[in-house]
Structures are given as C-alpha cells and as structure tokens.
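One structure is given below, encoded as structure tokens.
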Amino acid sequence: MKNRTRIAGMALLFLGMALVVTGCGPGRCYNKGVEKYNVRDYDGALGEFNKALSKDKNNEFPDTRDWIVKCHMGRGEKSYEANIYASVADFDRAVDEGRRLGASPALIEEAQRRHDDAVAERDRRARESKRLQEEAETAIAGRDYDQAEQLLAEAMEIDPRNRDTANLMNEVREIKRKIADSQRLVNEGNALLSKPEVTLRDAEAAKGKFARAKQLCEFNREANEGIVRAEDAIARIKRDAEEHYQAGVKHFEAREWSASVDALEESMRLDYTRNDAPQKLRKAREMLSAQRSYETCMDRAREKFAAPEPSVDDADEAIRLCDRAIDAYPYHDEAKELREKASAKREELLKSAEEHYNAGAAAKEAGDWKTAEKEFDECLKIHPRHAAARTDLAEVRIKIEHEEKVAELLAEGEEFLRLENPHNAKRSFQDAKRLDPGNKKAVDGEHRAITMIARFNQEARALYESAMDKIEKHDYHGALADLEKAVEKNPAAALYVRKRDDVKKMIEHAEDAEAFIAEGEEFLRLEKPHDAKKSFQDAKRLDPGNKKAVDGEHRAITMIAR
C-alpha cells in the first residue's frame, strides 16, 4: 500500500514537470512552429522555431535547426512563381542559416540545389524579359504602340525588377496619351469646321486645336491637313465678311437701314476682328431706329389727318406727330409736307367751328334752343376744346330740359283734371309755373284746378251733411258711402276723414250688436230670459239706438216677471 502511494506521487511529480516543460519551455513554441509550417505560414513558423531554439538550453529539440532551414526553403518555394528574386534570396538564406546553425548536411545541400535552380530561372526570366523588351522597341520604331505596350507588360510580368522595361513602358504610355489627346483635338477641330455656319472664331479655334494636336504628335497627318483647312476657312470667312461689309456700306448710303444693319451684323458675326464695322453698324442701327420712329409717327399722323370727321384736335395731333417725326429723322420731307397740310386743315376747321358757334349764339338769343343745341354740338365736334361753345351748350340744354319738363307737367296736370283729381292737377301746374313763371297754360290750368277744388269742396260738404243724417237713422253703410265720396272730393278735410273712420267703427259695432241680438232671440226661444236679457243689453251697449235690442230686452224682462 505504501509502495503504491509512493509510485503515484512520483507519477504526479513527473506529470507536473512535463506540463511545465511543454507549457512554458521550448516544446510549446516548437509545436506551434510545426503547426504553422504545416499550413504554409512560414513567417509565423520561423518566429516560433527561433523562440524554441533560444529556450532549448538542453537541446531537447535538436531538429529545430532543420525546421528553420525548411521554413526559409518553404518561403522560397512559395514566392518562386510570383517573385523569383525573393525566392533566390530565401533559398540563399536557407543555405546560410543551415550552415550557421549546423543543420543537416543533406538539407543544406538540398537548399543549395534549390538556390542554384532559382538563380538559373531568374537569369532565364531576365533573358526572356530582355527579348520582349527588344521586340517592344521594334514595335515602337514601327509606331505600333499597342503591341509595344502589350510586350512590355509581359516583360514586366516576367521580370518586375527590370527598370529599363518599366521606364520604356512609361514612355510608351505617355506617347499613347499624347496620340489620344492629339486625335481628340483633331476631332474637336473637325467638329468646329463642320458647323452649319462657321465663324472666324470657330475657324481660329479649330486651327489652334490642330496646331496643339501637331505639337503632341508630329506624325499626325490629320492635324496637318486640319491646319490647312482651317487656314482656308479663315481666308474664306474674311472674304465673306468683307463682302457683307461692303454691301452694308452700299445699303447705308442708299438709306436702306434694315438691310445695312443685317449686312453689317453678318460681317461682324463672321469676322469679329474688323475695326470698321462696329461704328458703322452703330450708326446704321441709330438710323434704323429713327426711321422706325419716324414711320410710326407718320402712320399715326396720316390716320389722324384722314379721319372721316376730322376735328381741330385731330389736326393738332397730326401736327404734333409730324414735329416728332421731323425731330426723330433727318430725311423728313414727307413729314414737313404733311405738317403744312395739317396746319391748313386746322385753320379750315377753326373757321367752320366758329361759324357753327355764331349760328348757335344767334339761335340762343332768339330762344330757339333746339337749333342752338345743334349748332353748339357741331361746333364742339369740330373743336372739342371750344370753351364758349361748351358753356353755352350746357345752358341751352338746361333750357331744353326745363321746356320738356314744363310740357310734361302741363300734360300731367291736364290728365289729372280729366280724371277729376284737381289737387294733383294744381300741384303739377304750380311746378310748371315754378320752372316757367310766365307760362300762360300753367296759370290757366292752376285756375281751373282751383275752381274744380272749390266745387268739389261744396259737394263734399253736402255729402258730409247727408252722411250725418244717415248716421242719425242708423244707416251706417249709406253714411260711409257718402263720407268716402266726400274724402275723395276733399282729401285735405280732416273732419271727413275722421268721421269716415268713426262710421267704419260704428258698422263694426252694429254687426257685433246684430250677433248679440240673434243670440238673445235664441235664448228667448229656449226660455232663458236672463241670458237673453244680457245679450240684448250687450247689443244696446254697442249700438245704443238699436230698436231690436230695446224690444228684445223688454220681452226678456216680461218673461222674467212672468
């Protein structure tokens, strides 16, 4: 039992020591290095193996040195295709490290063999790259830059460290860029010369583009041809511009301002460098504007002068427009001639207007208002600003308006008399007298209206007295009819109106009294004398003199006594 315990304790001690060795010593780094090597992480593996070597004081892992050499060889193999120079360096490092660390001779020999093979491959690639570069130089000499660029790309892929190839590639690409820019400029120049209407600016811009294209690529034949075409276009445009300028001058001298402006504008559009065209064009535009203003004024002046019924104002406006036309345009003979005609016409119209005014004044003096109105109106048609005619016309129209109103009032008064309405007739005749104090018809009409009013007043009085008699006899309806006639003949008599209203109330009371009398008779028939008595008394209160009510009341009292 004690032996078993001792054995178990020793086993635990050795297990703990093993864990210390593998967890903290070279063993752990060694194992990690192997793991990373197996996944081709040669840089990571090198780091772990170098750590293990530095910690392995007791040389527990003697093959660590071989693993370091293997890592360098692995790196060389890994970069062999992509970077032969790095591969040579890694194999060289493997040989050196193997010798320094005392690795396996066979392994060092293998590293040396691989190093020699890599050097041979490096030299072969350099030769192949040089051959492709030479082919590219031949293509450049033949201006086949696309082929040259392709060959140089292959050469750089085979030998990335060949500086000459890289420099030549840059030169080829720069040449291609210049050729492309040169061709773009040629295309832009051709587009400018292909415009429907090429100006001098277009042609000059095209020439500049062709010249820059030639600078970029001397052997660009299209650029040379473009320069020639641009120069021809410039010469042609200048000739056309000169022709248009000369045409503009001829039109200017012939006073054909619109055509002159068009020709000079075309000359300047074609050739902006001309110094003689702008001043001439400015003057032509001024004259064209003046001519248009002149023509506008003349058209309006002719319209005013040729009006169907011209007035002094039309003549004045025509003269004013002619003056404006003369001020606006130096070549104004027609305007002067029309102005003289308009002035003569104005004098003629003034004379005619004055004749109509004098005729109107004479008619006004004679009291012939209609004739005066017509003459003054004619005067103002011809001369709207004739102040005296306007004042006199207003006075005459007031007179005419009064005459018409007086005639209307006289007719109205006569109609009222015909309808036997003397009070309204009197007012109409009095209104006519107020407008025309000396009017005999108005005076006579008023007298006849007053006479009729006096007669109507007498008749109204007789009707009133008749109505009073009928009221005494309780003939209220007859009295009302007489009073209505009395009010109609004399509406101003307040007594008749008041009595008529009283009679209307009497009729209402009499009707109510008849209702009470009928009610009392019904009560008597039913032998209710007390109720009958009350009804007859109510009837007497409404119509005190009603005999039926008195008789009924007596019969009711008799029945009560019985």
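Ordering of the structure tokens sets the chain letters (A, B, ...), residue numbers begin anew at 1 in every chain, and ligands are numbered from 1 in the order given.
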Open item on the list: I want to know what sits within 12 Å of Glu225 (chain A), based on only C-alpha atoms, with residues of the same chain fewer than 2 positions away left out; could you give that as an MDAnalysis selection string?
Closed with: chainID A and resid 186 189:190 206:207 210:211 213:214 219:223 227:232
Open item on the list: Give me the residues near region 78-93 of chain A as a PyMOL selection string, where near means some atom within 9 Å (using only C-alpha atoms) and where sequence neighbours in that chain fewer than 5 positions away do not count.
Closed with: chain A and resi 40+69+72-73+98+111-119+121-122+125+157-161
Open item on the list: Please determine, counting only C-alpha atoms, which residue among A:Val406, A:Ile557, A:Ala139, A:Ala247 has the shortest atom-to-atom distance to Asp431 (chain A).
Closed with: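 Smallest separation from Asp431 (chain A) among the options: A:Val406.
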- [ ] For region 310-315 of chain A, work out the shell of residues within 12 Å, counting only C-alpha atoms and skipping chain neighbours fewer than 4 positions away, then give it as a PyMOL selection string.
- [x] chain A and resi 300-306+319-322+338-354+378-386
- [ ] May I have the residues within 9 Å of Asp146 (chain A) as a PyMOL selection string, using only C-alpha atoms and disregarding those fewer than 6 positions away in the same chain?
- [x] chain A and resi 139-140+172+176
Would you mind exporting N, CA, C and O atoms of the selected residues as a compact mmCIF listing (two decimals), in the first residue's frame?
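File part38.txt, as written:
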```txt
# COMPACT_ATOMS: atom_id res chain seq x y z
N ALA A 139 8.58 47.43 -82.12
CA ALA A 139 7.20 47.88 -82.35
C ALA A 139 7.10 49.39 -82.20
O ALA A 139 6.37 50.06 -82.95
N ILE A 140 7.85 49.96 -81.24
CA ILE A 140 7.84 51.41 -81.06
C ILE A 140 8.39 52.10 -82.30
O ILE A 140 7.85 53.12 -82.76
N VAL A 172 6.04 54.64 -73.47
CA VAL A 172 5.02 54.20 -74.43
C VAL A 172 3.65 54.73 -74.03
O VAL A 172 2.87 55.22 -74.88
N LYS A 176 1.19 57.19 -76.14
CA LYS A 176 -0.21 56.84 -76.45
C LYS A 176 -1.17 57.93 -75.95
O LYS A 176 -2.16 58.24 -76.62
```
Task: For region 423-430 of chain A: contacts at 7 Å, only C-alpha atoms, fewer than 5 positions along chain excluded, given as a PyMOL selection string - done: chain A and resi 409-410+412-414+416-417+442+445-446+449-450+453
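One finds CA of Ile68 (chain A) at 17.9 Å from CA of Gly25 (chain A).
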Open item on the list: I'd like the contact shell of region 361-376 of chain A - 6 Å cut-off, only C-alpha atoms, skipping same-chain residues fewer than 6 positions apart - returned as a PyMOL selection string.
Closed with: chain A and resi 389+393+396
How would the residues just picked look written out with C-alpha atoms as a PDB file, in the first residue's frame?
```pdb
ATOM      1  CA  ALA A 389     -69.493 126.606 -77.070  1.00  0.00           C
ATOM      2  CA  LEU A 393     -74.362 124.252 -74.861  1.00  0.00           C
ATOM      3  CA  VAL A 396     -79.135 125.623 -73.735  1.00  0.00           C
TER       4      VAL A 396
END
```
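Among the candidates A:Ala284, A:Ala335, A:Val39, A:Ala45, the one nearest to Asp299 (chain A) when counting only C-alpha atoms is A:Ala335.
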Task: For Thr391 (chain A), the nearest of the candidates A:Asn421, A:Asn275, A:Leu524, A:Asp377, counting only C-alpha atoms - done: A:Asp377
- [ ] For Leu200 (chain A), work out the shell of residues within 8 Å, counting only C-alpha atoms and skipping chain neighbours fewer than 6 positions away, then give it as a list in words.
- [x]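 Contacts, in chain order: Ala233, Ile234, Ile237, Lys238, Leu270, Asp271 and Tyr272 of chain A.
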Open item on the list: Under the rule that only C-alpha atoms are counted, which of A:Ala411, A:Phe252, A:Gly226, A:Glu171 is the nearest residue to Asn187 (chain A)?
Closed with: A:Gly226
Task: Point-to-point distance in Å for CA of Ala191 (chain A) and CA of Asp262 (chain A) - done: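 So the two atoms, CA of Asp262 (chain A) and CA of Ala191 (chain A), lie 27.0 Å apart.
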